[in-house]
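target06.cif, holding mmCIF, C-alpha atoms:
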data_run
#
loop_
_atom_site.group_PDB
_atom_site.id
_atom_site.type_symbol
_atom_site.label_atom_id
_atom_site.label_comp_id
_atom_site.auth_asym_id
_atom_site.auth_seq_id
_atom_site.Cartn_x
_atom_site.Cartn_y
_atom_site.Cartn_z
ATOM 1 C CA MET A 1 0.000 0.000 0.000
ATOM 2 C CA LEU A 2 1.217 3.481 -0.895
ATOM 3 C CA VAL A 3 0.268 6.955 0.290
ATOM 4 C CA ASP A 4 0.465 9.930 -2.053
ATOM 5 C CA SER A 5 1.346 12.441 0.635
ATOM 6 C CA HIS A 6 0.887 15.518 -1.552
ATOM 7 C CA CYS A 7 -1.300 16.116 -4.600
ATOM 8 C CA HIS A 8 -3.655 18.753 -5.988
ATOM 9 C CA LEU A 9 -6.862 16.967 -6.908
ATOM 10 C CA THR A 10 -9.115 19.999 -7.297
ATOM 11 C CA TYR A 11 -7.194 21.293 -10.310
ATOM 12 C CA ASP A 12 -9.057 21.393 -13.606
ATOM 13 C CA ASP A 13 -6.534 18.882 -14.981
ATOM 14 C CA PHE A 14 -8.634 16.108 -13.409
ATOM 15 C CA ALA A 15 -12.089 17.437 -14.292
ATOM 16 C CA GLU A 16 -12.656 15.092 -17.240
ATOM 17 C CA ASP A 17 -11.537 11.752 -15.779
ATOM 18 C CA PHE A 18 -11.526 12.022 -11.986
ATOM 19 C CA ASP A 19 -13.099 8.642 -11.270
ATOM 20 C CA GLU A 20 -10.841 6.914 -13.790
ATOM 21 C CA MET A 21 -7.840 8.604 -12.163
ATOM 22 C CA ILE A 22 -8.933 7.319 -8.762
ATOM 23 C CA ALA A 23 -9.352 3.804 -10.185
ATOM 24 C CA ARG A 24 -5.816 3.888 -11.613
ATOM 25 C CA ALA A 25 -4.483 4.909 -8.225
ATOM 26 C CA LYS A 26 -6.213 1.944 -6.631
ATOM 27 C CA GLU A 27 -4.779 -0.393 -9.261
ATOM 28 C CA ASN A 28 -1.285 0.859 -8.388
ATOM 29 C CA GLY A 29 -1.792 0.272 -4.667
ATOM 30 C CA VAL A 30 -2.336 3.897 -3.647
ATOM 31 C CA THR A 31 -4.734 3.795 -0.715
ATOM 32 C CA THR A 32 -4.532 7.305 0.744
ATOM 33 C CA MET A 33 -4.044 10.815 -0.676
ATOM 34 C CA LEU A 34 -3.448 14.211 0.888
ATOM 35 C CA ASN A 35 -4.947 16.998 -1.185
ATOM 36 C CA ALA A 36 -2.800 20.041 -0.384
ATOM 37 C CA GLY A 37 -4.151 23.560 -0.097
ATOM 38 C CA ASN A 38 -2.919 26.441 -2.239
ATOM 39 C CA ASN A 39 -5.613 28.985 -1.534
ATOM 40 C CA ILE A 40 -7.699 29.152 1.639
ATOM 41 C CA GLY A 41 -10.519 30.590 -0.431
ATOM 42 C CA GLU A 42 -10.939 27.205 -2.104
ATOM 43 C CA ILE A 43 -11.157 25.157 1.098
ATOM 44 C CA GLU A 44 -14.847 24.318 0.629
ATOM 45 C CA THR A 45 -14.091 22.709 -2.735
ATOM 46 C CA GLN A 46 -11.304 20.696 -1.132
ATOM 47 C CA LEU A 47 -13.530 19.583 1.721
ATOM 48 C CA ALA A 48 -16.330 18.502 -0.606
ATOM 49 C CA LEU A 49 -13.852 16.102 -2.191
ATOM 50 C CA SER A 50 -12.670 14.801 1.177
ATOM 51 C CA GLU A 51 -16.245 14.273 2.331
ATOM 52 C CA LYS A 52 -17.045 12.234 -0.767
ATOM 53 C CA TYR A 53 -13.920 10.046 -0.636
ATOM 54 C CA PRO A 54 -12.887 8.725 2.805
ATOM 55 C CA PHE A 55 -9.286 8.118 1.683
ATOM 56 C CA ILE A 56 -8.680 11.741 0.598
ATOM 57 C CA TYR A 57 -7.522 14.126 3.323
ATOM 58 C CA THR A 58 -6.871 17.826 2.933
ATOM 59 C CA ALA A 59 -4.798 20.728 4.202
ATOM 60 C CA VAL A 60 -5.662 24.392 4.564
ATOM 61 C CA GLY A 61 -3.108 26.936 3.493
ATOM 62 C CA VAL A 62 -1.861 29.719 1.257
ATOM 63 C CA HIS A 63 0.895 28.924 -1.228
ATOM 64 C CA PRO A 64 3.684 31.530 -1.504
ATOM 65 C CA HIS A 65 2.522 32.222 -5.062
ATOM 66 C CA ASN A 66 -0.811 33.373 -3.617
ATOM 67 C CA ALA A 67 0.579 35.196 -0.585
ATOM 68 C CA GLY A 68 0.078 38.603 -2.185
ATOM 69 C CA GLU A 69 -3.676 38.003 -2.159
ATOM 70 C CA TYR A 70 -3.648 37.395 1.612
ATOM 71 C CA ASP A 71 -1.419 40.098 3.056
ATOM 72 C CA ASP A 72 -3.716 40.539 6.069
ATOM 73 C CA ILE A 73 -4.421 36.886 6.843
ATOM 74 C CA LYS A 74 -3.905 35.710 10.417
ATOM 75 C CA ALA A 75 -3.153 32.385 12.048
ATOM 76 C CA GLU A 76 -6.677 32.335 13.456
ATOM 77 C CA ASP A 77 -8.112 32.125 9.935
ATOM 78 C CA PHE A 78 -6.369 28.788 9.399
ATOM 79 C CA ILE A 79 -7.010 27.568 12.930
ATOM 80 C CA LYS A 80 -10.759 28.164 12.603
ATOM 81 C CA GLN A 81 -10.937 26.069 9.438
ATOM 82 C CA ALA A 82 -8.738 23.289 10.825
ATOM 83 C CA GLU A 83 -10.704 22.969 14.052
ATOM 84 C CA ASN A 84 -14.047 22.884 12.250
ATOM 85 C CA HIS A 85 -13.399 19.853 10.037
ATOM 86 C CA LYS A 86 -12.018 16.402 10.825
ATOM 87 C CA LYS A 87 -10.605 15.901 7.321
ATOM 88 C CA ILE A 88 -8.240 18.899 7.565
ATOM 89 C CA VAL A 89 -5.079 17.202 8.798
ATOM 90 C CA ALA A 90 -2.378 19.807 8.080
ATOM 91 C CA ILE A 91 -1.572 23.477 7.544
ATOM 92 C CA GLY A 92 -0.247 24.389 4.097
ATOM 93 C CA GLU A 93 1.168 24.233 1.697
ATOM 94 C CA CYS A 94 3.033 27.360 2.604
ATOM 95 C CA GLY A 95 6.541 28.702 2.483
ATOM 96 C CA LEU A 96 8.812 30.718 0.227
ATOM 97 C CA ASP A 97 9.324 30.670 -3.532
ATOM 98 C CA TYR A 98 11.974 33.055 -4.842
ATOM 99 C CA TYR A 99 12.242 31.289 -8.201
ATOM 100 C CA TYR A 100 8.964 32.612 -9.579
ATOM 101 C CA ASP A 101 8.651 35.401 -7.013
ATOM 102 C CA TYR A 102 4.934 35.878 -7.768
ATOM 103 C CA SER A 103 4.424 37.584 -4.394
ATOM 104 C CA PRO A 104 6.733 40.099 -2.665
ATOM 105 C CA LYS A 105 9.289 38.358 -0.467
ATOM 106 C CA ASP A 106 8.313 40.259 2.667
ATOM 107 C CA VAL A 107 4.674 39.269 2.161
ATOM 108 C CA GLN A 108 5.646 35.643 1.546
ATOM 109 C CA ILE A 109 7.543 35.621 4.841
ATOM 110 C CA LYS A 110 4.684 37.291 6.706
ATOM 111 C CA VAL A 111 2.053 34.827 5.426
ATOM 112 C CA PHE A 112 4.431 31.910 6.032
ATOM 113 C CA LYS A 113 4.856 32.929 9.672
ATOM 114 C CA GLU A 114 1.094 33.143 10.207
ATOM 115 C CA GLN A 115 0.742 29.574 8.988
ATOM 116 C CA ILE A 116 3.539 28.441 11.268
ATOM 117 C CA LYS A 117 1.630 30.075 14.129
ATOM 118 C CA ALA A 118 -1.445 28.098 13.037
ATOM 119 C CA ALA A 119 0.575 24.874 13.163
ATOM 120 C CA GLN A 120 1.848 25.840 16.607
ATOM 121 C CA GLY A 121 -1.678 26.634 17.748
ATOM 122 C CA THR A 122 -3.343 23.476 16.461
ATOM 123 C CA GLY A 123 -0.546 20.930 16.742
ATOM 124 C CA LEU A 124 -1.124 20.029 13.101
ATOM 125 C CA PRO A 125 1.904 19.454 10.877
ATOM 126 C CA LEU A 126 3.065 22.113 8.458
ATOM 127 C CA ILE A 127 3.503 21.411 4.737
ATOM 128 C CA ILE A 128 6.323 23.573 3.393
ATOM 129 C CA HIS A 129 7.079 24.577 -0.180
ATOM 130 C CA THR A 130 10.488 26.154 -0.685
ATOM 131 C CA ARG A 131 12.308 27.011 -3.898
ATOM 132 C CA ASP A 132 15.474 29.076 -4.250
ATOM 133 C CA ALA A 133 14.903 30.263 -0.692
ATOM 134 C CA ASP A 134 16.906 27.878 1.483
ATOM 135 C CA GLU A 135 18.569 30.500 3.690
ATOM 136 C CA ASP A 136 15.386 32.417 4.431
ATOM 137 C CA THR A 137 13.450 29.192 4.982
ATOM 138 C CA ILE A 138 15.993 28.085 7.594
ATOM 139 C CA SER A 139 15.943 31.552 9.177
ATOM 140 C CA VAL A 140 12.144 31.678 9.468
ATOM 141 C CA LEU A 141 11.854 28.115 10.735
ATOM 142 C CA ASP A 142 14.605 28.660 13.305
ATOM 143 C CA GLU A 143 13.078 31.906 14.568
ATOM 144 C CA MET A 144 9.609 30.396 14.936
ATOM 145 C CA TYR A 145 10.738 27.014 16.272
ATOM 146 C CA LYS A 146 12.629 28.720 19.115
ATOM 147 C CA GLN A 147 9.397 30.452 20.107
ATOM 148 C CA LYS A 148 7.382 27.219 20.127
ATOM 149 C CA PRO A 149 8.216 23.843 18.521
ATOM 150 C CA PHE A 150 6.115 22.501 15.672
ATOM 151 C CA THR A 151 6.349 19.650 13.217
ATOM 152 C CA GLY A 152 5.888 19.138 9.507
ATOM 153 C CA GLU A 153 7.486 18.237 6.211
ATOM 154 C CA LEU A 154 9.412 19.773 3.359
ATOM 155 C CA HIS A 155 7.247 18.614 0.492
ATOM 156 C CA CYS A 156 8.650 17.859 -2.963
ATOM 157 C CA PHE A 157 12.101 18.338 -1.495
ATOM 158 C CA SER A 158 14.624 19.560 -4.067
ATOM 159 C CA SER A 159 16.794 21.893 -2.006
ATOM 160 C CA GLY A 160 20.324 21.588 -0.660
ATOM 161 C CA LYS A 161 21.852 19.547 2.122
ATOM 162 C CA ALA A 162 21.963 22.460 4.591
ATOM 163 C CA LEU A 163 18.182 22.823 4.538
ATOM 164 C CA ALA A 164 17.711 19.053 4.679
ATOM 165 C CA ASP A 165 19.981 18.783 7.709
ATOM 166 C CA TYR A 166 18.291 21.671 9.491
ATOM 167 C CA ALA A 167 14.792 20.316 8.840
ATOM 168 C CA LEU A 168 15.761 16.882 10.097
ATOM 169 C CA SER A 169 17.336 18.442 13.200
ATOM 170 C CA ILE A 170 13.952 19.840 14.280
ATOM 171 C CA GLY A 171 12.084 16.608 13.549
ATOM 172 C CA PHE A 172 10.758 17.373 10.089
ATOM 173 C CA TYR A 173 10.136 14.838 7.336
ATOM 174 C CA LEU A 174 11.360 15.056 3.718
ATOM 175 C CA SER A 175 9.058 14.053 0.876
ATOM 176 C CA ALA A 176 10.391 12.665 -2.399
ATOM 177 C CA SER A 177 8.626 13.548 -5.633
ATOM 178 C CA GLY A 178 9.165 12.542 -9.249
ATOM 179 C CA ILE A 179 12.197 14.851 -9.302
ATOM 180 C CA ILE A 180 14.311 12.065 -7.798
ATOM 181 C CA THR A 181 13.782 10.060 -11.016
ATOM 182 C CA PHE A 182 15.158 12.818 -13.279
ATOM 183 C CA ASN A 183 18.575 12.255 -14.868
ATOM 184 C CA LYS A 184 20.142 15.412 -13.443
ATOM 185 C CA SER A 185 19.001 14.814 -9.851
ATOM 186 C CA GLY A 186 22.031 12.866 -8.639
ATOM 187 C CA ASP A 187 22.739 15.251 -5.745
ATOM 188 C CA LEU A 188 19.125 15.005 -4.618
ATOM 189 C CA ARG A 189 19.259 11.218 -4.725
ATOM 190 C CA ASP A 190 22.379 11.374 -2.544
ATOM 191 C CA ILE A 191 20.458 13.374 0.048
ATOM 192 C CA PHE A 192 17.549 10.927 0.051
ATOM 193 C CA ALA A 193 19.951 8.028 0.438
ATOM 194 C CA GLU A 194 20.902 9.454 3.850
ATOM 195 C CA VAL A 195 17.536 10.615 5.217
ATOM 196 C CA PRO A 196 16.612 8.609 8.328
ATOM 197 C CA GLU A 197 14.136 5.870 7.507
ATOM 198 C CA ASP A 198 11.489 7.242 9.837
ATOM 199 C CA ARG A 199 11.490 10.656 8.106
ATOM 200 C CA LEU A 200 10.759 9.587 4.516
ATOM 201 C CA LEU A 201 7.597 10.341 2.544
ATOM 202 C CA VAL A 202 6.647 9.984 -1.126
ATOM 203 C CA GLU A 203 4.341 12.145 -3.209
ATOM 204 C CA THR A 204 3.349 13.103 -6.728
ATOM 205 C CA ASP A 205 2.647 16.840 -6.396
ATOM 206 C CA SER A 206 0.258 16.022 -9.222
ATOM 207 C CA PRO A 207 -0.681 17.287 -11.712
ATOM 208 C CA PHE A 208 2.960 18.444 -11.836
ATOM 209 C CA LEU A 209 6.331 16.677 -12.060
ATOM 210 C CA ALA A 210 5.417 13.291 -13.497
ATOM 211 C CA PRO A 211 8.259 10.843 -12.829
ATOM 212 C CA VAL A 212 10.357 9.007 -15.354
ATOM 213 C CA PRO A 213 9.255 7.070 -17.446
ATOM 214 C CA LEU A 214 6.141 9.294 -17.664
ATOM 215 C CA ARG A 215 7.854 12.679 -17.555
ATOM 216 C CA GLY A 216 6.029 15.288 -19.598
ATOM 217 C CA ARG A 217 2.598 13.802 -18.982
ATOM 218 C CA ARG A 218 0.014 15.049 -16.528
ATOM 219 C CA ASN A 219 0.973 13.583 -13.168
ATOM 220 C CA GLU A 220 -1.566 11.713 -11.029
ATOM 221 C CA PRO A 221 -1.563 9.743 -7.749
ATOM 222 C CA ALA A 222 -1.079 6.373 -9.498
ATOM 223 C CA PHE A 223 2.357 7.551 -10.614
ATOM 224 C CA VAL A 224 3.658 7.731 -7.045
ATOM 225 C CA LEU A 225 4.494 4.074 -7.650
ATOM 226 C CA HIS A 226 7.380 5.102 -9.934
ATOM 227 C CA THR A 227 8.784 7.527 -7.366
ATOM 228 C CA ALA A 228 8.502 4.874 -4.663
ATOM 229 C CA GLU A 229 10.320 2.372 -6.877
ATOM 230 C CA LYS A 230 13.194 4.820 -7.403
ATOM 231 C CA LEU A 231 13.379 5.685 -3.707
ATOM 232 C CA ALA A 232 13.404 1.975 -2.838
ATOM 233 C CA GLN A 233 16.275 1.490 -5.277
ATOM 234 C CA ILE A 234 18.190 4.424 -3.753
ATOM 235 C CA ARG A 235 17.706 3.002 -0.274
ATOM 236 C CA GLY A 236 18.383 -0.629 -1.168
ATOM 237 C CA LEU A 237 14.910 -1.715 -0.097
ATOM 238 C CA SER A 238 12.119 -3.728 -1.638
ATOM 239 C CA LEU A 239 9.167 -1.731 -2.917
ATOM 240 C CA ASP A 240 6.899 -3.377 -0.341
ATOM 241 C CA LYS A 241 9.192 -2.350 2.502
ATOM 242 C CA LEU A 242 9.509 1.207 1.206
ATOM 243 C CA ALA A 243 5.721 1.431 0.880
ATOM 244 C CA GLU A 244 5.297 0.197 4.442
ATOM 245 C CA ILE A 245 7.831 2.691 5.799
ATOM 246 C CA THR A 246 6.472 5.736 3.998
ATOM 247 C CA SER A 247 2.845 4.858 4.761
ATOM 248 C CA ASP A 248 3.583 4.410 8.460
ATOM 249 C CA ASN A 249 5.515 7.681 8.463
ATOM 250 C CA PHE A 250 2.573 9.487 6.871
ATOM 251 C CA PHE A 251 0.124 8.393 9.555
ATOM 252 C CA ARG A 252 2.633 9.164 12.294
ATOM 253 C CA LEU A 253 3.122 12.711 11.030
ATOM 254 C CA PHE A 254 -0.471 13.426 10.018
ATOM 255 C CA ARG A 255 -1.964 12.030 13.208
ATOM 256 C CA LYS A 256 -5.413 13.463 12.546
ATOM 257 C CA ALA A 257 -5.708 11.233 9.454
ATOM 258 C CA SER A 258 -7.235 7.918 10.437
ATOM 259 C CA ASP A 259 -5.297 5.101 8.861
ATOM 260 C CA LYS A 260 -8.620 3.267 8.656
ATOM 261 C CA GLY A 261 -9.387 5.520 5.704
ATOM 262 C CA ARG A 262 -7.009 3.590 3.498
ATOM 263 C CA TYR A 263 -9.151 0.478 3.912
ATOM 264 C CA ALA A 264 -12.300 2.290 2.806
ATOM 265 C CA PHE A 265 -11.155 2.626 -0.782
#

Whole structure, structure tokens version:
Amino acid sequence: MLVDSHCHLTYDDFAEDFDEMIARAKENGVTTMLNAGNNIGEIETQLALSEKYPFIYTAVGVHPHNAGEYDDIKAEDFIKQAENHKKIVAIGECGLDYYYDYSPKDVQIKVFKEQIKAAQGTGLPLIIHTRDADEDTISVLDEMYKQKPFTGELHCFSSGKALADYALSIGFYLSASGIITFNKSGDLRDIFAEVPEDRLLVETDSPFLAPVPLRGRRNEPAFVLHTAEKLAQIRGLSLDKLAEITSDNFFRLFRKASDKGRYAF
């Protein structure tokens, strides 16, 4: 059994064949999915999906790309949503993205900190997106963690060793996406070879970043199998063992997600 620990199922990319996509996931052994949040304004759409499918959980958050739309948002806005629905199991995704820089950096940092406060206030894990912002991500996490500890993951991890080491030092998890299957990702594979076994997750980040041998296609939860196979190879494990490890890690981190949901497929 596999868990796709991060996907975006409310995107229009899945509008035409959603049920077929779900069936393909089942055929590939994917029993649980976490539908990440990009925009708190769309939380009702996310929750409607989670209410219909017991194996789909969700997170409430504001992506750094959207931070400029939520300059005045407060931690309480996320906390209220999270406390009002049992299927909201995390805060995020949130963080910093200086590659696209769609929102001003100071606003990204401000909105990121409010979501960290929400994680601190609820005890829910934080889902972090970071790109070309390793130093500031470490700085923000360190500042906030010293105020009050919190837990979470660096999703779709593709950053450097310094950020990986820092995140692991405060108890975070690292999630491998299809990027680890790409030819030029040797340094990233080296990092994932050394991540402690109890801190590993796998994801698709679908509809983005389809893994080899499907690169260039629309990604979907079924394809997490290919990422898991590569991670198992990197770690010298069988696929079954890797699936067991990453699934157990998911339910340990996202404690609000009932692992009974994966049997209600």

Self-check item: Best match for closeness to Thr122 in chain A among A:Arg252, A:His65, A:Arg235, A:Lys80, counting all atoms listed in the file
Solution: A:Lys80

Quiz item: With distances taken over all atoms listed in the file, which of A:Leu2, A:Ala119, A:Phe112, A:Thr137 is nearest to Glu27 in chain A?
Solution: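 Once distances to Glu27 in chain A are computed over all atoms listed in the file, the minimum belongs to A:Leu2.
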
Practice problem: Could you jot down the CA of Glu51 in chain A to CA of Thr31 in chain A separation for me, Å, one decimal place? | Solution: 15.9 Å

Tell me, as a compact mmCIF listing (two decimals) with C-alpha atoms, in the frame of the given file, which residues lie within 12 Å of Lys105 in chain A, counting all atoms listed in the file; anything in the same chain fewer than 4 positions away does not count.
# COMPACT_ATOMS: atom_id res chain seq x y z
CA PRO A 64 3.68 31.53 -1.50
CA HIS A 65 2.52 32.22 -5.06
CA ASN A 66 -0.81 33.37 -3.62
CA ALA A 67 0.58 35.20 -0.58
CA GLY A 68 0.08 38.60 -2.18
CA ASP A 71 -1.42 40.10 3.06
CA GLY A 95 6.54 28.70 2.48
CA LEU A 96 8.81 30.72 0.23
CA ASP A 97 9.32 30.67 -3.53
CA TYR A 98 11.97 33.06 -4.84
CA TYR A 99 12.24 31.29 -8.20
CA TYR A 100 8.96 32.61 -9.58
CA ASP A 101 8.65 35.40 -7.01
CA ILE A 109 7.54 35.62 4.84
CA LYS A 110 4.68 37.29 6.71
CA VAL A 111 2.05 34.83 5.43
CA PHE A 112 4.43 31.91 6.03
CA ASP A 132 15.47 29.08 -4.25
CA ALA A 133 14.90 30.26 -0.69
CA ASP A 136 15.39 32.42 4.43
CA THR A 137 13.45 29.19 4.98

Quiz item: Could you spell out the hits of the PyMOL selection byres ((chain A and resi 214-218) around 12) on the shown file, as a ChimeraX atom specification?
Solution: /A:8-9,11-14,21,177-183,204-213,219-227

Could you work out an axis-aligned bounding box for all listed atoms of range 60-77 of chain A, with 5 Å added on each of the six sides, and give its centre and edge lengths in Å to one decimal, as JSON?
{"center_x": -2.2, "center_y": 32.5, "center_z": 4.2, "size_x": 21.8, "size_y": 26.1, "size_z": 28.5}

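Our summary of the geometry notes that CA of Arg131 in chain A is positioned 12.8 Å from CA of Glu93 in chain A.
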
Exercise. For CA of Ala162 in chain A and CA of Glu135 in chain A, quote the distance in Å rounded to one decimal.
Key: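 So the two atoms, CA of Ala162 in chain A and CA of Glu135 in chain A, lie 8.8 Å apart.
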
I'd like the contact shell of Asp142 in chain A - 12 Å cut-off, all atoms listed in the file, skipping same-chain residues fewer than 2 positions apart - returned as an mmCIF file with C-alpha atoms, in the frame of the given file.
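The result, stored in selection-v5.cif:
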data_model
loop_
_atom_site.group_PDB
_atom_site.id
_atom_site.type_symbol
_atom_site.label_atom_id
_atom_site.label_comp_id
_atom_site.auth_asym_id
_atom_site.auth_seq_id
_atom_site.Cartn_x
_atom_site.Cartn_y
_atom_site.Cartn_z
ATOM 1 C CA LYS A 113 4.856 32.929 9.672
ATOM 2 C CA ILE A 116 3.539 28.441 11.268
ATOM 3 C CA GLU A 135 18.569 30.500 3.690
ATOM 4 C CA ASP A 136 15.386 32.417 4.431
ATOM 5 C CA THR A 137 13.450 29.192 4.982
ATOM 6 C CA ILE A 138 15.993 28.085 7.594
ATOM 7 C CA SER A 139 15.943 31.552 9.177
ATOM 8 C CA VAL A 140 12.144 31.678 9.468
ATOM 9 C CA MET A 144 9.609 30.396 14.936
ATOM 10 C CA TYR A 145 10.738 27.014 16.272
ATOM 11 C CA LYS A 146 12.629 28.720 19.115
ATOM 12 C CA GLN A 147 9.397 30.452 20.107
ATOM 13 C CA LYS A 148 7.382 27.219 20.127
ATOM 14 C CA PRO A 149 8.216 23.843 18.521
ATOM 15 C CA PHE A 150 6.115 22.501 15.672
ATOM 16 C CA LEU A 163 18.182 22.823 4.538
ATOM 17 C CA TYR A 166 18.291 21.671 9.491
ATOM 18 C CA ALA A 167 14.792 20.316 8.840
ATOM 19 C CA SER A 169 17.336 18.442 13.200
ATOM 20 C CA ILE A 170 13.952 19.840 14.280
#

Quiz item: Which is closer to Val3 in chain A than all the others in A:Leu126, A:Leu168, A:Ile56, A:Leu49, using all atoms listed in the file?
Solution: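 The shortest atom-to-atom distance to Val3 in chain A comes from A:Ile56.
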
Quiz prompt | Distance query Gly236 in chain A at most 10 Å, all atoms listed in the file, self and fewer than 6 positions along chain excluded, as a list of chain:residue names | solution = A:Ala193, A:Lys230, A:Leu242

How would you write, as a PDB file with C-alpha atoms, keeping the file's coordinate frame, the residues chosen by the PyMOL selection byres ((chain A and resi 34) around 9) on this structure?
ATOM      1  CA  VAL A   3       0.268   6.955   0.290  1.00  0.00           C
ATOM      2  CA  ASP A   4       0.465   9.930  -2.053  1.00  0.00           C
ATOM      3  CA  SER A   5       1.346  12.441   0.635  1.00  0.00           C
ATOM      4  CA  HIS A   6       0.887  15.518  -1.552  1.00  0.00           C
ATOM      5  CA  CYS A   7      -1.300  16.116  -4.600  1.00  0.00           C
ATOM      6  CA  HIS A   8      -3.655  18.753  -5.988  1.00  0.00           C
ATOM      7  CA  LEU A   9      -6.862  16.967  -6.908  1.00  0.00           C
ATOM      8  CA  THR A  32      -4.532   7.305   0.744  1.00  0.00           C
ATOM      9  CA  MET A  33      -4.044  10.815  -0.676  1.00  0.00           C
ATOM     10  CA  ASN A  35      -4.947  16.998  -1.185  1.00  0.00           C
ATOM     11  CA  ALA A  36      -2.800  20.041  -0.384  1.00  0.00           C
ATOM     12  CA  PHE A  55      -9.286   8.118   1.683  1.00  0.00           C
ATOM     13  CA  ILE A  56      -8.680  11.741   0.598  1.00  0.00           C
ATOM     14  CA  TYR A  57      -7.522  14.126   3.323  1.00  0.00           C
ATOM     15  CA  THR A  58      -6.871  17.826   2.933  1.00  0.00           C
ATOM     16  CA  ALA A  59      -4.798  20.728   4.202  1.00  0.00           C
ATOM     17  CA  VAL A  89      -5.079  17.202   8.798  1.00  0.00           C
TER      18      VAL A  89
END
